[in-house]
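Note: the block below is data19.txt and it holds compact mmCIF, C-alpha atoms.
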# COMPACT_ATOMS: atom_id res chain seq x y z
CA MET H 26 123.02 135.99 93.27
CA SER H 27 124.35 132.50 93.70
CA GLY H 28 127.17 130.83 95.52
CA ASP H 29 129.62 128.30 94.11
CA HIS H 30 128.30 124.93 92.92
CA ASP H 31 130.53 121.96 93.60
CA HIS H 32 129.59 118.38 92.68
CA GLY H 33 132.90 116.78 93.63
CA ASP H 34 131.21 113.83 95.34
CA MET H 35 130.82 112.09 91.96
CA LYS H 36 134.23 112.73 90.43
CA ASN H 37 136.20 109.76 91.68
CA THR H 38 133.40 107.24 92.11
CA PRO H 39 134.48 103.83 90.73
CA VAL H 40 131.60 103.09 88.36
CA SER H 41 133.09 99.81 87.12
CA ARG H 42 133.39 98.47 90.66
CA LEU H 43 129.85 99.54 91.45
CA TRP H 44 128.62 97.63 88.40
CA MET H 45 130.60 94.54 89.44
CA ALA H 46 129.20 94.65 92.98
CA PHE H 47 125.68 95.26 91.62
CA GLY H 48 125.98 92.29 89.24
CA LEU H 49 127.24 89.94 91.97
CA THR H 50 124.60 91.03 94.48
CA SER H 51 121.69 90.92 92.03
CA ALA H 52 122.64 87.52 90.62
CA PHE H 53 122.98 85.96 94.04
CA MET H 54 119.76 87.59 95.26
CA VAL H 55 117.87 85.70 92.53
CA ALA H 56 119.76 82.51 93.38
CA GLU H 57 118.92 82.95 97.06
CA VAL H 58 115.19 83.36 96.35
CA ILE H 59 115.22 80.18 94.24
CA GLY H 60 117.26 78.41 96.90
CA GLY H 61 114.83 79.52 99.59
CA PHE H 62 111.87 77.96 97.77
CA VAL H 63 113.80 74.77 96.93
CA THR H 64 115.10 74.22 100.48
CA GLY H 65 111.93 75.55 102.14
CA SER H 66 113.96 78.14 104.05
CA LEU H 67 112.16 81.38 104.85
CA ALA H 68 115.42 82.71 106.31
CA LEU H 69 117.04 82.51 102.88
CA ILE H 70 114.14 84.39 101.29
CA SER H 71 114.32 86.98 104.07
CA ASP H 72 118.06 87.34 103.51
CA ALA H 73 117.32 87.81 99.81
CA THR H 74 115.29 90.90 100.74
CA HIS H 75 118.38 92.12 102.55
CA MET H 76 120.30 91.47 99.34
CA LEU H 77 117.63 93.50 97.56
CA THR H 78 118.46 96.49 99.79
CA ASP H 79 122.09 96.10 98.73
CA ALA H 80 121.23 95.81 95.04
CA MET H 81 118.94 98.84 95.20
CA ALA H 82 121.53 100.88 97.11
CA LEU H 83 124.07 100.09 94.41
CA ALA H 84 121.54 100.83 91.66
CA ILE H 85 120.66 104.15 93.27
CA ALA H 86 124.34 105.04 93.51
CA LEU H 87 124.75 104.27 89.80
CA VAL H 88 121.65 106.28 88.94
CA ALA H 89 122.93 109.20 91.01
CA ILE H 90 126.28 109.13 89.21
CA ASN H 91 124.81 108.92 85.71
CA VAL H 92 122.00 111.40 86.35
CA GLY H 93 124.34 113.76 88.18
CA ARG H 94 126.40 114.07 85.00
CA ARG H 95 123.43 115.14 82.89
CA PRO H 96 123.20 118.90 82.50
CA ALA H 97 120.12 120.92 83.35
CA ASP H 98 117.94 121.92 80.42
CA LEU H 99 115.23 124.45 79.62
CA LEU H 100 112.53 122.22 81.10
CA ARG H 101 114.40 120.90 84.15
CA THR H 102 116.54 123.72 85.45
CA TYR H 103 117.71 121.65 88.43
CA GLY H 104 118.64 118.72 86.23
CA TYR H 105 117.57 115.12 86.87
CA ALA H 106 119.08 114.50 90.30
CA ARG H 107 115.66 113.88 91.90
CA PHE H 108 115.45 110.55 90.02
CA GLU H 109 117.76 109.22 92.72
CA ILE H 110 115.25 110.17 95.42
CA LEU H 111 112.28 108.76 93.52
CA ALA H 112 114.15 105.47 93.03
CA ALA H 113 115.06 105.34 96.71
CA ALA H 114 111.44 105.99 97.76
CA PHE H 115 110.18 103.20 95.48
CA ASN H 116 112.87 100.93 96.90
CA ALA H 117 111.77 101.68 100.47
CA LEU H 118 108.09 101.01 99.76
CA LEU H 119 108.91 97.74 98.01
CA LEU H 120 111.12 96.59 100.88
CA LEU H 121 108.46 97.41 103.47
CA ALA H 122 105.92 95.32 101.55
CA VAL H 123 108.31 92.36 101.31
CA ALA H 124 109.30 92.65 104.98
CA PHE H 125 105.62 92.52 106.04
CA TYR H 126 105.17 89.41 103.88
CA ILE H 127 108.17 87.75 105.55
CA LEU H 128 106.77 88.49 109.02
CA TYR H 129 103.35 87.12 108.06
CA GLU H 130 104.86 83.96 106.55
CA ALA H 131 107.05 83.44 109.63
CA TYR H 132 103.95 83.70 111.86
CA VAL H 133 102.14 81.09 109.77
CA ARG H 134 105.11 78.73 109.85
CA LEU H 135 105.32 78.83 113.63
CA PHE H 136 102.01 76.92 113.63
CA GLN H 137 102.64 74.97 110.43
CA PRO H 138 106.37 74.11 110.41
CA GLN H 139 107.92 73.15 107.08
CA ASP H 140 110.71 70.67 106.50
CA ILE H 141 113.94 72.62 105.95
CA GLN H 142 116.82 71.22 103.87
CA SER H 143 119.47 72.56 106.22
CA VAL H 144 122.50 71.40 104.21
CA GLY H 145 121.34 73.20 101.06
CA MET H 146 120.41 76.23 103.15
CA LEU H 147 123.89 76.26 104.70
CA GLY H 148 125.64 75.98 101.34
CA ILE H 149 123.68 78.85 99.81
CA ALA H 150 124.25 81.05 102.88
CA VAL H 151 128.00 80.45 102.73
CA ILE H 152 128.06 81.49 99.07
CA GLY H 153 126.06 84.59 100.05
CA LEU H 154 128.65 85.49 102.67
CA LEU H 155 131.43 85.17 100.07
CA VAL H 156 129.47 87.42 97.68
CA ASN H 157 129.10 90.02 100.42
CA LEU H 158 132.80 89.91 101.28
CA THR H 159 133.72 90.27 97.59
CA SER H 160 131.40 93.27 97.17
CA MET H 161 132.84 94.87 100.29
CA ARG H 162 136.35 94.37 98.92
CA LEU H 163 135.34 96.06 95.64
CA LEU H 164 133.95 99.11 97.44
CA ALA H 165 136.20 99.43 100.49
CA GLY H 166 138.96 101.49 98.88
CA HIS H 167 136.55 104.19 97.69
CA LYS H 168 133.90 104.39 100.42
CA ASP H 169 135.46 107.45 102.08
CA GLY H 170 135.54 109.49 98.87
CA SER H 171 131.87 109.26 97.89
CA LEU H 172 128.63 109.40 99.87
CA ASN H 173 126.98 107.07 97.35
CA VAL H 174 129.71 104.42 97.58
CA LYS H 175 129.77 104.70 101.38
CA GLY H 176 126.01 104.10 101.54
CA ALA H 177 126.28 101.06 99.29
CA TYR H 178 129.23 99.72 101.32
CA LEU H 179 127.26 99.99 104.58
CA GLU H 180 124.31 98.16 103.02
CA VAL H 181 126.55 95.27 101.98
CA TRP H 182 128.21 95.24 105.42
CA ALA H 183 124.80 94.93 107.12
CA ASP H 184 123.79 92.12 104.77
CA MET H 185 126.97 90.24 105.66
CA LEU H 186 125.63 90.04 109.23
CA GLY H 187 122.39 88.59 107.84
CA SER H 188 124.31 85.92 105.95
CA ILE H 189 126.17 84.98 109.13
CA GLY H 190 122.80 84.66 110.90
CA VAL H 191 121.47 82.33 108.19
CA ILE H 192 124.63 80.19 108.40
CA ALA H 193 124.23 79.91 112.17
CA GLY H 194 120.55 79.02 111.79
CA ALA H 195 121.23 76.37 109.14
CA ALA H 196 123.91 74.78 111.32
CA LEU H 197 121.56 74.75 114.31
CA ILE H 198 118.75 73.12 112.30
CA TRP H 199 121.18 70.53 110.95
CA LEU H 200 122.47 69.68 114.43
CA THR H 201 119.19 69.80 116.40
CA GLY H 202 116.37 69.44 113.87
CA TRP H 203 114.66 72.55 115.28
CA GLN H 204 112.77 73.71 112.19
CA TRP H 205 111.34 76.78 113.96
CA VAL H 206 114.82 78.33 114.03
CA ASP H 207 114.40 79.18 110.35
CA SER H 208 111.37 81.40 111.08
CA VAL H 209 113.14 83.09 113.98
CA ILE H 210 116.13 83.93 111.78
CA ALA H 211 113.79 85.22 109.07
CA VAL H 212 112.03 87.52 111.55
CA GLY H 213 115.37 88.74 112.90
CA ILE H 214 116.55 89.67 109.41
CA GLY H 215 113.16 91.29 108.71
CA PHE H 216 113.56 93.52 111.75
CA MET H 217 117.04 94.46 110.55
CA VAL H 218 115.46 95.68 107.29
CA PHE H 219 112.62 97.65 108.91
CA PRO H 220 114.51 100.47 110.67
CA ARG H 221 116.89 101.09 107.76
CA THR H 222 113.99 101.12 105.30
CA TRP H 223 111.89 103.44 107.47
CA VAL H 224 114.79 105.91 107.84
CA LEU H 225 115.34 105.81 104.07
CA LEU H 226 111.65 106.45 103.37
CA LYS H 227 111.50 109.38 105.84
CA GLU H 228 114.57 110.97 104.25
CA CYS H 229 113.06 110.61 100.77
CA ILE H 230 109.73 112.13 101.85
CA ASN H 231 111.52 115.03 103.55
CA ILE H 232 113.50 115.77 100.36
CA LEU H 233 110.46 115.45 98.10
CA LEU H 234 108.51 117.83 100.38
CA GLU H 235 111.51 120.20 100.30
CA GLY H 236 111.97 119.98 104.05
CA VAL H 237 114.97 121.29 105.95
CA PRO H 238 117.89 118.84 105.47
CA PRO H 239 118.76 116.62 108.47
CA GLY H 240 121.39 118.13 110.74
CA MET H 241 120.36 121.71 109.99
CA GLU H 242 118.13 124.06 112.00
CA LEU H 243 116.36 126.85 110.13
CA ALA H 244 116.50 129.13 113.18
CA GLU H 245 120.28 128.75 113.44
CA VAL H 246 120.74 129.53 109.74
CA ASP H 247 118.43 132.55 110.09
CA LEU H 248 120.46 133.82 113.06
CA ALA H 249 123.75 133.28 111.24
CA ILE H 250 122.58 135.50 108.35
CA ALA H 251 120.89 138.12 110.56
CA THR H 252 124.06 138.68 112.63
CA VAL H 253 126.30 139.42 109.65
CA PRO H 254 127.39 143.11 109.84
CA ASP H 255 125.14 145.52 107.89
CA VAL H 256 122.20 143.06 107.73
CA ALA H 257 119.03 144.77 108.97
CA SER H 258 116.67 141.78 108.65
CA VAL H 259 116.01 138.51 106.83
CA HIS H 260 112.77 137.19 105.36
CA ASP H 261 111.50 134.59 102.88
CA LEU H 262 114.23 132.21 104.05
CA HIS H 263 113.96 128.73 102.51
CA LEU H 264 116.29 125.78 103.09
CA TRP H 265 115.85 122.47 101.27
CA ALA H 266 117.76 119.77 99.38
CA ILE H 267 117.59 118.68 95.75
CA THR H 268 119.32 115.42 96.71
CA GLN H 269 120.82 114.12 99.93
CA SER H 270 124.17 115.85 99.39
CA LYS H 271 122.98 119.05 97.68
CA ALA H 272 121.38 121.49 100.12
CA SER H 273 120.13 124.83 98.78
CA LEU H 274 119.12 128.13 100.35
CA THR H 275 117.26 131.21 99.20
CA ALA H 276 116.60 134.36 101.24
CA HIS H 277 115.76 138.05 101.02
CA VAL H 278 118.26 140.16 102.97
CA VAL H 279 117.46 143.75 103.93
CA LEU H 280 120.56 145.94 104.18
CA GLU H 281 121.42 148.65 106.68
CA GLU H 282 121.55 152.14 105.21
CA GLY H 283 124.77 152.75 103.31
CA ALA H 284 125.84 149.09 103.25
CA ASP H 285 127.53 147.66 100.15
CA ALA H 286 125.34 144.84 98.83
CA GLU H 287 128.15 142.82 97.25
CA THR H 288 130.32 142.96 100.36
CA VAL H 289 127.42 141.83 102.58
CA ARG H 290 126.48 139.03 100.15
CA GLN H 291 130.01 137.65 100.13
CA ALA H 292 130.16 137.81 103.94
CA ILE H 293 126.88 135.88 104.24
CA GLU H 294 127.96 133.20 101.79
CA ALA H 295 131.32 132.80 103.56
CA ARG H 296 129.55 132.30 106.90
CA LEU H 297 127.05 129.81 105.46
CA GLN H 298 129.85 127.80 103.87
CA GLU H 299 131.92 127.81 107.05
CA LYS H 300 129.16 127.02 109.57
CA PHE H 301 126.75 124.85 107.56
CA ASP H 302 128.71 123.69 104.49
CA LEU H 303 126.09 125.45 102.33
CA HIS H 304 127.36 126.20 98.83
CA HIS H 305 124.12 126.57 96.85
CA THR H 306 122.74 129.94 97.89
CA THR H 307 120.60 132.59 96.21
CA LEU H 308 120.35 135.89 98.09
CA GLN H 309 118.17 138.82 97.13
CA MET H 310 119.68 141.99 98.59
CA GLU H 311 117.15 144.72 99.39
CA ARG H 312 117.38 148.36 100.45
CA VAL H 313 113.71 148.32 101.42
CA SER H 314 112.02 145.12 102.58
CA CYS H 315 109.46 143.64 100.19
CA ALA H 316 107.87 141.62 103.01
CA PRO H 317 104.94 142.52 105.30
CA LEU H 318 106.12 143.62 108.75
CA GLU H 319 104.94 140.41 110.46
CA ARG H 320 107.21 138.29 108.20
CA ILE H 321 110.42 140.19 108.93
CA HIS H 322 112.79 138.30 111.25
Take the structure in the file and write it out as structure tokens.
Amino acid sequence: MSGDHDHGDMKNTPVSRLWMAFGLTSAFMVAEVIGGFVTGSLALISDATHMLTDAMALAIALVAINVGRRPADLLRTYGYARFEILAAAFNALLLLAVAFYILYEAYVRLFQPQDIQSVGMLGIAVIGLLVNLTSMRLLAGHKDGSLNVKGAYLEVWADMLGSIGVIAGAALIWLTGWQWVDSVIAVGIGFMVFPRTWVLLKECINILLEGVPPGMELAEVDLAIATVPDVASVHDLHLWAITQSKASLTAHVVLEEGADAETVRQAIEARLQEKFDLHHTTLQMERVSCAPLERIH
């Protein structure tokens, strides 16, 4: 028996604005990589990796929207929503590899400084800041209505800080001639990427391993079900997520003698929705437990 299924997170997502922000970010990311090699600026290349996080966040949001609209079929009864998680995991691994390269290159340059064209570096960084501000403007009006848009907006916001750092570094190199500043800025941006990427990778692994969603405790959910009137015991309780915003639960519920199964089921689902915002539930109601005694909670 299943609870209600609501996918309202996707309904009002501005796909056209996501595509515009994705196009701007991706195009400038390529320009920034080229500019980094031309000017010799590692900070620009490092900031391009930050831009890559933005582009991938936007791409993942678009994938989630398009895949989320595809119906389940006879082979994939949960649909195709896990493509979003696979894409995010690939993104995280790619970003970690690039971030390690940036750190290694910065270490090498501390001993073998390169001549930095600070004026060109400054000009490219300023354009990058304008691209970030434009993307933020495109997404700002819709970030509170969609988890996907909000995630993309926060990525662009963080990259804006990176662009400001590159601008400050370019100005400092231009004024003082301190070439090592470029490597310091690159490392700083690299360390901004690391924690966000690690958190993203951990979340993806947890979902792929069907772990308990963040913010939920299995023991608390178990207790919430077990304390519903006319519930004798609970066993085979599983709590996982298909995607970040779609938690699911299955459980076997043993009823007290004389209890009405439908009434108890509705009471359990109402409590799960109220306390944990759980709307995807499958409950097997039992008169006699099918579990060994040691598994009964």
Open item on the list: Under the rule that only C-alpha atoms are counted, which of H:Met76, H:Leu248, H:Val209, H:Ile59 is the nearest residue to Val156 of chain H?
Closed with: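 Closest to Val156 of chain H of all the choices is H:Met76.
Note that atom CA of Ala113 of chain H and atom CA of Ile85 of chain H are 6.7 Å apart.
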Open item on the list: Need to verify the contact set: Pro220 of chain H, 12 Å, all atoms listed in the file, exclusion of same-chain residues closer than 6 positions in sequence. Can you return it as JSON, numbers by chain?
Closed with: {"H": [117, 120, 121, 124, 213, 214, 226, 227]}
Open item on the list: Under the rule that only C-alpha atoms are counted, which of H:Leu308, H:Ala251, H:Ile198, H:Val123 is the nearest residue to Ala286 of chain H?
Closed with: H:Leu308
- [ ] Could you jot down the atom CA of Ala114 of chain H to atom CA of Pro96 of chain H separation for me, Å, one decimal place?
- [x]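 Between atom CA of Ala114 of chain H and atom CA of Pro96 of chain H the gap works out to 23.2 Å.
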Give me the box for segment 81-95 of chain H as AutoDock Vina command-line options, namely the centre and edge lengths in Å to one decimal of a box along x, y and z that holds every listed atom plus 6 Å on each side.
--center_x 122.7 --center_y 107.0 --center_z 90.0 --size_x 19.5 --size_y 28.3 --size_z 26.2
Open item on the list: as JSON, numbers by chain, please: the residues near Ile230 of chain H (cut-off 12 Å, only C-alpha atoms, same-chain neighbours under 2 positions excluded).
Closed with: {"H": [107, 110, 111, 112, 113, 114, 115, 117, 118, 223, 224, 225, 226, 227, 228, 232, 233, 234, 235, 236, 237, 238, 266, 267, 268, 269]}
Task: Nearest candidate to Leu197 of chain H (options H:Val256, H:Leu147, H:Leu158, H:Ala249; using all atoms listed in the file) - done: H:Leu147
Open item on the list: My list of candidates is H:Ala244, H:Leu83, H:Leu119, H:Ala68. Which is closest to Ile210 of chain H when distances are computed with all atoms listed in the file?
Closed with: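 Closest candidate: H:Ala68.
Closest approach to Ala80 of chain H among H:Ser66, H:Ser41, H:Ser51, H:Ser258: H:Ser51, based on all atoms listed in the file.
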Task: segment 135-145 of chain H environment, 6 Å, all atoms listed in the file, sequence neighbours closer than 5 positions dropped, as a list in words - done: Thr64, Gly65, Ser66, Ala195 and Trp199 of chain H
Task: Neighbour list for Val151 of chain H as a list in words, cut-off 12 Å, all atoms listed in the file, skip fewer than 2 positions in-chain - done: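 Near neighbours after the sequence-gap exclusion: Phe53, Glu57, Leu69, Val144, Gly145, Met146, Leu147, Gly148, Ile149, Gly153, Leu154, Leu155, Val156, Asn157, Leu158, Met185, Leu186, Gly187, Ser188, Ile189, Gly190, Val191, Ile192, Ala193, Gly194, Ala195 and Ala196 of chain H.
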TODO: Mind giving me the straight-line distance from atom CA of Trp265 of chain H to atom CA of Tyr103 of chain H in Å, one decimal?
DONE: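 Interatomic distance, atom CA of Trp265 of chain H to atom CA of Tyr103 of chain H: 13.0 Å.
Using all atoms listed in the file, the residues found no farther than 6 Å from Val279 of chain H, other than those of its own chain fewer than 3 positions away, are H:Ala257, H:Ser258, H:Glu311, H:Arg312, H:Ser314.
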Task: Selected residue, from H:His277, H:Met241, H:His263, H:Ala183, that lies nearest to Asp302 of chain H when counting only C-alpha atoms - done: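 Ranked by minimum distance to Asp302 of chain H, first place goes to H:Met241.
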